[in-house]
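Asks: Mind having a look at this structure? Questions to follow.
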Amino acid sequence: MTKAPFTGKGERASDLLGLIHSDVCGPMNTQARGGFQYFITFTDDFSRYGYIYLMRHKSEALEKFKEFKNEVQNQHGKSIKALRYDRGGEYLSQDFDELLKECGIVSQLTPPGTPQWNGVSERRNRTLLDMVRSMMSHTDLLTSFWGYALETAAFTLNRVPSKSVQKTPHEMWTGRRPNMSSLRVWGCQAYVKHQMSTKLEPKSQKCTFVGYPKETKGYYFYNSKENKMFVARTGVFLEKDFLSNKGNGRNIELKEVQQQQVHEPEVEETPQVVEGNSTDLETQPL
């Protein structure tokens, strides 16, 4: 008996929060700053707008979903209708199941051995990590900065066109066209003005741009001399110098550690497949 090929494409969600795709990636072979080893993604099926949260442990998945659910439902005035995820232990806990039932969210679990049913999240993880490796390969920053690169990649991905939707995910999610003038080249050097300085001291410091803070309008900068992260409203970005320098060309060996899986005996009952499961162009290889 051979495995049946995965073909066809189901129906897409017809509105925001109609279906959310989720997946956990990790542990990574290098810890990010802050001790993060995992990240979890939540992608809206209708708009393809994605959220990402860094985690120290897989067990934080439930708390991150609560944080995501509260934010998006409050912002849009709608409730999440369905959540699609794989059979990872972080999703199959009793607490996670009780929360979904209490909120009336329909669970859509992938059948055993069929990651294609969760293809949107799987493809999103691959795209994000490919972007992170490319971004970091042109800088001298330590590999532990992959967390900031990952959040910047997700920020950028939400604002660029996608084959899956007619408009950018940001426009479909917020109803407004994204402002691209604030985007900067990740990892470039920048001069940032000191908040307080004397007349004889330099009025600016040379730092590295590493991301966009979610809570305020501005940028994340890293001061390598003081090993300090800080937020500033703006700076003088040396993007042309950065782009003219082809970089050090180093190979970033950032990958997910493949842990040995413990396979539980499968039940004889065929798992229920909810109508409307779909994969799209994001599931196709590059």
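Labeling convention for the structure tokens: chains A, B, ... as they appear, residues from 1 per chain, ligands from 1 in order of appearance.
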Skipping near chain neighbours, those fewer than 3 positions away, what residues fall within 9 Å of range 32-40 of chain A using only C-alpha atoms, listed as a PyMOL selection string?
Replies: chain A and resi 22-29+51-58+61+64-65+143-148+256
Asks: Limited to C-alpha atoms, could you put the picked residues into a file as a PDB file, in the first residue's frame?
Replies:
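Dumped to part-v2.pdb:
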ATOM      1  CA  SER A  22      -0.224  28.158  13.777  1.00  0.00           C
ATOM      2  CA  ASP A  23       3.026  26.285  14.217  1.00  0.00           C
ATOM      3  CA  VAL A  24       5.962  26.154  16.641  1.00  0.00           C
ATOM      4  CA  CYS A  25       9.524  26.118  15.319  1.00  0.00           C
ATOM      5  CA  GLY A  26      12.532  25.095  17.388  1.00  0.00           C
ATOM      6  CA  PRO A  27      14.629  24.534  19.342  1.00  0.00           C
ATOM      7  CA  MET A  28      17.207  26.476  17.352  1.00  0.00           C
ATOM      8  CA  ASN A  29      20.862  25.516  17.474  1.00  0.00           C
ATOM      9  CA  TYR A  51       2.171  37.371  14.079  1.00  0.00           C
ATOM     10  CA  ILE A  52       5.321  35.928  15.617  1.00  0.00           C
ATOM     11  CA  TYR A  53       6.300  35.416  19.258  1.00  0.00           C
ATOM     12  CA  LEU A  54       9.679  34.333  20.609  1.00  0.00           C
ATOM     13  CA  MET A  55       9.603  31.690  23.346  1.00  0.00           C
ATOM     14  CA  ARG A  56      12.070  30.168  25.780  1.00  0.00           C
ATOM     15  CA  HIS A  57      10.080  26.945  26.125  1.00  0.00           C
ATOM     16  CA  LYS A  58       7.424  25.162  24.086  1.00  0.00           C
ATOM     17  CA  ALA A  61       2.543  28.320  23.403  1.00  0.00           C
ATOM     18  CA  LYS A  64       1.244  33.311  23.514  1.00  0.00           C
ATOM     19  CA  PHE A  65      -2.014  32.190  21.911  1.00  0.00           C
ATOM     20  CA  THR A 143      24.123  34.683  15.451  1.00  0.00           C
ATOM     21  CA  SER A 144      22.295  35.326  18.727  1.00  0.00           C
ATOM     22  CA  PHE A 145      20.685  38.347  17.026  1.00  0.00           C
ATOM     23  CA  TRP A 146      18.487  36.016  14.969  1.00  0.00           C
ATOM     24  CA  GLY A 147      15.510  36.909  17.183  1.00  0.00           C
ATOM     25  CA  TYR A 148      15.632  40.558  16.090  1.00  0.00           C
ATOM     26  CA  GLU A 256      16.112  23.932  13.853  1.00  0.00           C
TER      27      GLU A 256
END
Asks: What's the 9 Å shell around Val160 in chain A, counting only C-alpha atoms, without same-chain residues fewer than 3 positions away, as a PyMOL selection string?
Replies: chain A and resi 156-157+167-170+178
Asks: Please identify which residues in range 46-255 of chain A DSSP calls strand (DSSP E or B) from the backbone, and express them as an MDAnalysis selection string.
Replies: chainID A and resid 50:55 82:85 106:109 189:193 204:211 219:223 228:232 236:237
Asks: List as a short mmCIF file (atom, residue, chain, number, x, y, z; two decimals) with N, CA and C atoms, in the first residue's frame the protein and nucleic acid residues near Glu171 in chain A, meaning an atom at most 12 Å away when only C-alpha atoms are counted, but skip any in the same chain fewer than 2 places from it.
Replies:
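Output file part.cif is given in full below:
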data_model
loop_
_atom_site.label_atom_id
_atom_site.label_comp_id
_atom_site.auth_asym_id
_atom_site.auth_seq_id
_atom_site.Cartn_x
_atom_site.Cartn_y
_atom_site.Cartn_z
N PHE A 46 -7.19 34.53 5.62
CA PHE A 46 -7.82 35.44 4.66
C PHE A 46 -6.84 36.48 4.15
N SER A 47 -6.09 37.11 5.07
CA SER A 47 -5.19 38.21 4.69
C SER A 47 -3.74 37.80 4.57
N ARG A 48 -3.38 36.65 5.14
CA ARG A 48 -2.00 36.18 5.22
C ARG A 48 -1.14 37.08 6.12
N TYR A 49 -1.79 37.88 6.96
CA TYR A 49 -1.05 38.69 7.93
C TYR A 49 -0.58 37.78 9.06
N ASN A 158 4.81 41.15 6.13
CA ASN A 158 3.43 41.63 6.19
C ASN A 158 3.18 42.83 5.29
N ARG A 159 4.24 43.47 4.80
CA ARG A 159 4.10 44.70 4.04
C ARG A 159 4.48 44.58 2.58
N VAL A 160 4.79 43.40 2.12
CA VAL A 160 5.15 43.20 0.72
C VAL A 160 4.08 42.35 0.05
N PRO A 161 3.95 42.45 -1.27
CA PRO A 161 2.91 41.68 -1.98
C PRO A 161 3.10 40.18 -1.81
N SER A 162 1.98 39.46 -1.87
CA SER A 162 1.99 38.01 -1.74
C SER A 162 1.17 37.41 -2.87
N VAL A 165 -2.73 36.71 -1.91
CA VAL A 165 -3.76 37.74 -1.72
C VAL A 165 -3.56 38.84 -2.75
N GLN A 166 -4.65 39.57 -3.07
CA GLN A 166 -4.60 40.60 -4.11
C GLN A 166 -3.87 41.85 -3.63
N LYS A 167 -3.99 42.17 -2.34
CA LYS A 167 -3.31 43.33 -1.78
C LYS A 167 -2.24 42.85 -0.81
N THR A 168 -1.51 43.77 -0.24
CA THR A 168 -0.53 43.37 0.77
C THR A 168 -1.27 42.89 2.02
N PRO A 169 -0.71 41.95 2.77
CA PRO A 169 -1.36 41.50 4.01
C PRO A 169 -1.68 42.64 4.96
N TRP A 173 -5.34 43.52 6.41
CA TRP A 173 -5.50 43.36 7.86
C TRP A 173 -5.96 44.65 8.52
N THR A 174 -5.42 45.79 8.08
CA THR A 174 -5.70 47.07 8.72
C THR A 174 -6.61 47.98 7.90
N GLY A 175 -6.74 47.70 6.60
CA GLY A 175 -7.51 48.58 5.73
C GLY A 175 -6.73 49.79 5.25
N ARG A 176 -5.44 49.87 5.57
CA ARG A 176 -4.60 50.98 5.16
C ARG A 176 -3.37 50.46 4.42
N ARG A 177 -2.95 51.22 3.42
CA ARG A 177 -1.75 50.84 2.70
C ARG A 177 -0.53 51.04 3.59
N PRO A 178 0.44 50.13 3.55
CA PRO A 178 1.60 50.27 4.43
C PRO A 178 2.49 51.43 4.02
N ASN A 179 3.09 52.07 5.01
CA ASN A 179 4.04 53.16 4.77
C ASN A 179 5.44 52.56 4.65
#
Asks: Excluding Lys240 in chain A and its own-chain neighbours fewer than 4 positions away, which residues fall within 12 Å of it when counting only C-alpha atoms? Please give them as a VMD selection string.
Replies: chain A and resid 184 to 185 188 to 190 236 244 to 246
Asks: Just the selected residues (C-alpha atoms), exported as an mmCIF file, in the first residue's frame, please.
Replies:
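Writing the result to out.cif gives the following:
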data_model
loop_
_atom_site.group_PDB
_atom_site.id
_atom_site.type_symbol
_atom_site.label_atom_id
_atom_site.label_comp_id
_atom_site.auth_asym_id
_atom_site.auth_seq_id
_atom_site.Cartn_x
_atom_site.Cartn_y
_atom_site.Cartn_z
ATOM 1 C CA ARG A 184 15.520 50.412 6.531
ATOM 2 C CA VAL A 185 18.190 47.899 5.555
ATOM 3 C CA CYS A 188 23.258 48.696 8.557
ATOM 4 C CA GLN A 189 25.242 51.195 10.618
ATOM 5 C CA ALA A 190 23.542 54.379 11.809
ATOM 6 C CA VAL A 236 21.188 58.755 10.071
ATOM 7 C CA SER A 244 28.158 48.954 -1.460
ATOM 8 C CA ASN A 245 30.021 46.593 0.840
ATOM 9 C CA LYS A 246 29.128 43.066 -0.207
#
Asks: Quick one: everything within 10 Å of Ser79 in chain A, counting only C-alpha atoms, minus sequence neighbours fewer than 6 positions away in the same chain. Send it as JSON, numbers by chain.
Replies: {"A": [16, 17, 18, 69, 70, 72, 73, 103, 104, 105]}
Asks: With only C-alpha atoms as the counted atoms, please give the residues lying no more than 7 Å from Thr110 in chain A, apart from itself and same-chain residues fewer than 6 positions off, as a PyMOL selection string.
Replies: chain A and resi 85-87+117-118
Asks: Write the residues you've just listed into a file as a PDB file, in the first residue's frame, and include N, CA and C atoms for each of them.
Replies:
ATOM      1  N   TYR A  85      -3.569  23.531  13.377  1.00  0.00           N
ATOM      2  CA  TYR A  85      -2.237  23.273  13.910  1.00  0.00           C
ATOM      3  C   TYR A  85      -1.921  21.795  13.773  1.00  0.00           C
ATOM      4  N   ASP A  86      -0.639  21.455  13.987  1.00  0.00           N
ATOM      5  CA  ASP A  86      -0.232  20.059  13.886  1.00  0.00           C
ATOM      6  C   ASP A  86      -0.442  19.367  15.228  1.00  0.00           C
ATOM      7  N   ARG A  87       0.024  18.149  15.322  1.00  0.00           N
ATOM      8  CA  ARG A  87      -0.198  17.355  16.528  1.00  0.00           C
ATOM      9  C   ARG A  87       0.960  17.467  17.517  1.00  0.00           C
ATOM     10  N   TRP A 117      -1.349  19.647   5.402  1.00  0.00           N
ATOM     11  CA  TRP A 117      -2.592  20.251   5.883  1.00  0.00           C
ATOM     12  C   TRP A 117      -2.305  21.541   6.649  1.00  0.00           C
ATOM     13  N   ASN A 118      -1.096  21.661   7.157  1.00  0.00           N
ATOM     14  CA  ASN A 118      -0.699  22.890   7.842  1.00  0.00           C
ATOM     15  C   ASN A 118       0.366  23.607   7.019  1.00  0.00           C
TER      16      ASN A 118
END
Asks: Which value, in Å to one decimal, gives the distance between CA of Lys203 in chain A and CA of Met135 in chain A?
Replies: 29.4 Å
Asks: Can you measure CA of Glu253 in chain A to CA of Gly211 in chain A for me? One decimal in Å is fine.
Replies: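 Taking CA of Glu253 in chain A as the start and CA of Gly211 in chain A as the end point, the length is 20.9 Å.
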Asks: Can you pull out every residue from range 114-229 of chain A that DSSP, working from the backbone, puts in helix (DSSP H, G or I), and format the result as an MDAnalysis selection string?
Replies: chainID A and resid 115:136 143:157 169:174 180:182
